[in-house]
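Q: Take this structure first; my questions come after.
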Amino acid sequence: MSDDVAAAVDALRLGDLILLPTETVYGLGADAANPAAVAKIFAAKGRSRFNPLIAHVSDVAQARRVAVMDALAERLADAFWPGPMTIVAAYRGEGVCDLARAGLNSVAVRAPLLPLARAVIDAFGAAVVAPSANRSGRPSPTTFDDAVEETGPSVAAALDGGPCAVGLESTVVSVLGGVVRLLRPGAVTRSEIESIVGPLAADEGDGHRSPGRLALHYAPDAPVRIEARGARAGEILLGFGPGVGEPRWSLSERGDTAEAAARLFRLLREADRERPSGIAVSPMPNDGLGEAINDRLRRAAGFVG
Ligand code: AMP
Ligand code: MG
């Protein structure tokens, strides 16, 4: 075990917080079973206690210890783990404290792909809750420096996993009641999920089942204007596609939604530092990671709620 991983595991055992890189975004991690440790996450982020956390596990065997993994959950885990797929299932009764679940009788579980994250969870030997390491309402950090800037002072150990390959939070899917529902779009797309479990149930209205789906989430300080055809005076334009806006501010010059996802939060943060009058973002197709990007952008622009 590397010194870094050992220090992170020690911190978790002591009930302290860690900066945990994953392939999606940087997380603020704590021992899922320790309410005092989990309380530090809510305090550090300024996060509402109604908003439950994702329990990160090293594999499906560890998931089965905290969640009731029915046939649907097993199929999703088999297809997408380790990876950016969170499964909400019935809680088994141990291992993820009430505060981490916001008092619900369900639990959200995910096995991350990034080897450094897996090494920490493996060595710790139990679930690690880790919401994004930003202060609540702000864009998730996707680089080590951004994570340190957001919540660095609250952690006892910080792991540098480099820039996050995905750059957006995980897809969240509920299997409660034997029905598969997409609670939050992410890098695992709707069509990929449907290819494994068949058609998804209709959306029941935003924020209904996933308590964390608040409006004006993921937002920088500057106002965000989506579907913009160009920049207005004082705005920075985050372009998409060839020749749209300045190369430095392009989400993807080749019009690739996966590249745009990986750059989105970093560019929102960088643009914000220039103190523009606003951040305009080019239209984004809804295919591939586009659905997840458009979801985050609508929230950043305050259109959802
Ligand atoms: P994050 O803020 O990125 O950690 O995301 C956690 C997401 O998982 C939020 O959208 C939560 O509302 C959702 N989530 C976690 N636990 C549950 C649960 N038991 N039921 C429904 N959604 C959950
Ligand atoms: Mg978050």
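Letters A, B, ... mark the chains of the structure tokens in the order given; residue numbers begin at 1 per chain; ligand numbers begin at 1, in order shown.
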List all protein, DNA and RNA residues that have at least one atom no more than 10 Å from any atom of ligand 1, counting only C-alpha atoms and all ligand atoms, and write them as a PyMOL selection string.
A: chain A and resi 24-28+47+50-55+86-91+100-109+129-134+136-137+140+168-176+183-185+207-214+217-218
Q: Please identify the strand (DSSP E or B) residues within region 7-199 of chain A (assignment by DSSP from backbone atoms) and present them as a ChimeraX atom specification.
A: /A:18-20,27-31,54-56,67,85-91,106-110,128-129,132,157-158,171-174,181-184
Q: For C-alpha atoms, I'd like the residues from the last selection saved as a PDB file, in the first residue's frame.
A:
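To be explicit, this is the file written out as result_33.pdb:
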ATOM      1  CA  ILE A  18     -10.346  12.652   2.919  1.00  0.00           C
ATOM      2  CA  LEU A  19     -10.180  14.040  -0.612  1.00  0.00           C
ATOM      3  CA  LEU A  20     -10.929  10.991  -2.731  1.00  0.00           C
ATOM      4  CA  GLY A  27     -15.134  13.276  -3.589  1.00  0.00           C
ATOM      5  CA  LEU A  28     -15.098  14.287   0.056  1.00  0.00           C
ATOM      6  CA  GLY A  29     -14.907  10.900   1.746  1.00  0.00           C
ATOM      7  CA  ALA A  30     -15.756   9.527   5.184  1.00  0.00           C
ATOM      8  CA  ASP A  31     -16.456   6.209   6.893  1.00  0.00           C
ATOM      9  CA  ILE A  54     -23.459   7.743  -2.210  1.00  0.00           C
ATOM     10  CA  ALA A  55     -21.717   4.821  -0.483  1.00  0.00           C
ATOM     11  CA  HIS A  56     -18.632   3.840  -2.467  1.00  0.00           C
ATOM     12  CA  ALA A  67     -27.778  -2.948  -0.130  1.00  0.00           C
ATOM     13  CA  MET A  85     -23.154   4.107 -12.228  1.00  0.00           C
ATOM     14  CA  THR A  86     -24.871   4.578  -8.847  1.00  0.00           C
ATOM     15  CA  ILE A  87     -27.597   2.128  -7.879  1.00  0.00           C
ATOM     16  CA  VAL A  88     -30.286   3.079  -5.334  1.00  0.00           C
ATOM     17  CA  ALA A  89     -31.586  -0.092  -3.657  1.00  0.00           C
ATOM     18  CA  ALA A  90     -33.233  -1.137  -0.390  1.00  0.00           C
ATOM     19  CA  TYR A  91     -30.943  -0.709   2.627  1.00  0.00           C
ATOM     20  CA  SER A 106     -32.784   2.941   0.714  1.00  0.00           C
ATOM     21  CA  VAL A 107     -29.088   3.348   0.010  1.00  0.00           C
ATOM     22  CA  ALA A 108     -27.112   4.538  -3.016  1.00  0.00           C
ATOM     23  CA  VAL A 109     -24.072   2.376  -3.887  1.00  0.00           C
ATOM     24  CA  ARG A 110     -21.334   2.695  -6.488  1.00  0.00           C
ATOM     25  CA  VAL A 128     -16.893   5.139   2.050  1.00  0.00           C
ATOM     26  CA  VAL A 129     -19.478   7.876   1.516  1.00  0.00           C
ATOM     27  CA  SER A 132     -18.494  15.755  -4.634  1.00  0.00           C
ATOM     28  CA  ALA A 157      -5.636  13.365   3.902  1.00  0.00           C
ATOM     29  CA  ALA A 158      -5.763  14.340   0.240  1.00  0.00           C
ATOM     30  CA  THR A 171     -25.514   8.267 -13.399  1.00  0.00           C
ATOM     31  CA  VAL A 172     -28.003   7.511 -10.577  1.00  0.00           C
ATOM     32  CA  VAL A 173     -30.520   4.723 -11.174  1.00  0.00           C
ATOM     33  CA  SER A 174     -33.128   3.442  -8.694  1.00  0.00           C
ATOM     34  CA  ARG A 181     -35.761   4.782 -12.871  1.00  0.00           C
ATOM     35  CA  LEU A 182     -33.120   7.218 -14.025  1.00  0.00           C
ATOM     36  CA  LEU A 183     -32.720   9.708 -11.159  1.00  0.00           C
ATOM     37  CA  ARG A 184     -29.734  11.578 -12.549  1.00  0.00           C
TER      38      ARG A 184
END
Q: Hey, which of A:Glu291, A:Glu94, A:Glu150, A:Glu74 ends up closest to ligand 2? Count only C-alpha atoms and all ligand atoms.
A: A:Glu150
Q: Within 9 Å of Asp256 (chain A), counting only C-alpha atoms, which residues show up once you throw out same-chain ones fewer than 6 positions away? Write them as a list in words, please.
A: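 Contacts, in chain order: Phe240, Gly241, Gly288 and Leu289 of chain A.
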Q: Just checking: using only C-alpha atoms and all ligand atoms, which residue out of A:Arg229, A:Arg92, A:Arg299, A:Arg65 ends up closest to ligand 2?
A: A:Arg299
Q: Taking only C-alpha atoms into account, name the residue in A:Ala219, A:Val148, A:Ala228, A:Leu200 that is nearest to Ala271 (chain A).
A: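 Comparing A:Ala219, A:Val148, A:Ala228, A:Leu200 against Ala271 (chain A), the winner is A:Ala219.
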Q: Taking the chain letters and numbering used in this document, name the residues of region 8-47 of chain A that DSSP puts in helix (DSSP H, G or I), as JSON, numbers by chain.
A: {"A": [8, 9, 10, 11, 12, 13, 35, 36, 37, 38, 39, 40, 41, 42, 43, 44, 45]}
Q: Just N, CA and C atoms for this one: save the residues we selected as a CSV table (one decimal), in the first residue's frame.
A:
chain,number,residue,atom,x,y,z
A,8,ALA,N,-4.8,7.9,4.0
A,8,ALA,CA,-6.2,8.1,3.7
A,8,ALA,C,-7.0,7.1,4.6
A,9,VAL,N,-6.5,5.9,4.6
A,9,VAL,CA,-7.2,4.8,5.4
A,9,VAL,C,-7.2,5.1,6.9
A,10,ASP,N,-6.0,5.6,7.3
A,10,ASP,CA,-5.9,6.0,8.8
A,10,ASP,C,-6.9,7.1,9.1
A,11,ALA,N,-7.0,8.1,8.2
A,11,ALA,CA,-7.9,9.2,8.4
A,11,ALA,C,-9.4,8.7,8.5
A,12,LEU,N,-9.7,7.8,7.6
A,12,LEU,CA,-11.1,7.2,7.6
A,12,LEU,C,-11.3,6.5,8.9
A,13,ARG,N,-10.4,5.7,9.4
A,13,ARG,CA,-10.5,5.0,10.6
A,13,ARG,C,-10.7,5.9,11.8
A,35,PRO,N,-21.4,8.1,12.1
A,35,PRO,CA,-22.2,9.4,12.0
A,35,PRO,C,-21.5,10.7,12.3
A,36,ALA,N,-20.5,10.6,13.2
A,36,ALA,CA,-19.7,11.8,13.5
A,36,ALA,C,-18.9,12.2,12.3
A,37,ALA,N,-18.3,11.2,11.6
A,37,ALA,CA,-17.5,11.5,10.5
A,37,ALA,C,-18.4,12.0,9.3
A,38,VAL,N,-19.5,11.4,9.2
A,38,VAL,CA,-20.4,11.8,8.1
A,38,VAL,C,-21.0,13.2,8.3
A,39,ALA,N,-21.2,13.6,9.6
A,39,ALA,CA,-21.6,14.9,10.0
A,39,ALA,C,-20.6,16.0,9.5
A,40,LYS,N,-19.3,15.6,9.5
A,40,LYS,CA,-18.3,16.5,9.1
A,40,LYS,C,-18.4,16.8,7.6
A,41,ILE,N,-18.9,15.9,6.8
A,41,ILE,CA,-19.1,16.1,5.4
A,41,ILE,C,-20.2,17.2,5.2
A,42,PHE,N,-21.3,17.0,5.9
A,42,PHE,CA,-22.4,17.9,5.7
A,42,PHE,C,-22.0,19.3,6.1
A,43,ALA,N,-21.2,19.4,7.2
A,43,ALA,CA,-20.7,20.7,7.7
A,43,ALA,C,-19.7,21.3,6.7
A,44,ALA,N,-18.8,20.5,6.2
A,44,ALA,CA,-17.7,21.1,5.3
A,44,ALA,C,-18.4,21.6,4.0
A,45,LYS,N,-19.4,20.9,3.5
A,45,LYS,CA,-20.0,21.2,2.2
A,45,LYS,C,-21.1,22.3,2.4
Q: Pick out the residues sitting within 8 Å of Cys97 (chain A), and hand them over as a PDB file with C-alpha atoms, in the first residue's frame; count only C-alpha atoms, and ignore anything fewer than 6 positions along from it in its own chain.
A:
ATOM      1  CA  ALA A  32     -20.078   5.508   5.885  1.00  0.00           C
ATOM      2  CA  ALA A  33     -20.827   3.791   9.195  1.00  0.00           C
ATOM      3  CA  ASN A  34     -19.591   6.650  11.405  1.00  0.00           C
ATOM      4  CA  PRO A  35     -22.229   9.367  11.985  1.00  0.00           C
TER       5      PRO A  35
END
Q: Quick check, in Å to one decimal: how far apart do CA of Arg269 (chain A) and CA of Arg49 (chain A) lie?
A: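 Between these atoms lies a distance of 25.7 Å.
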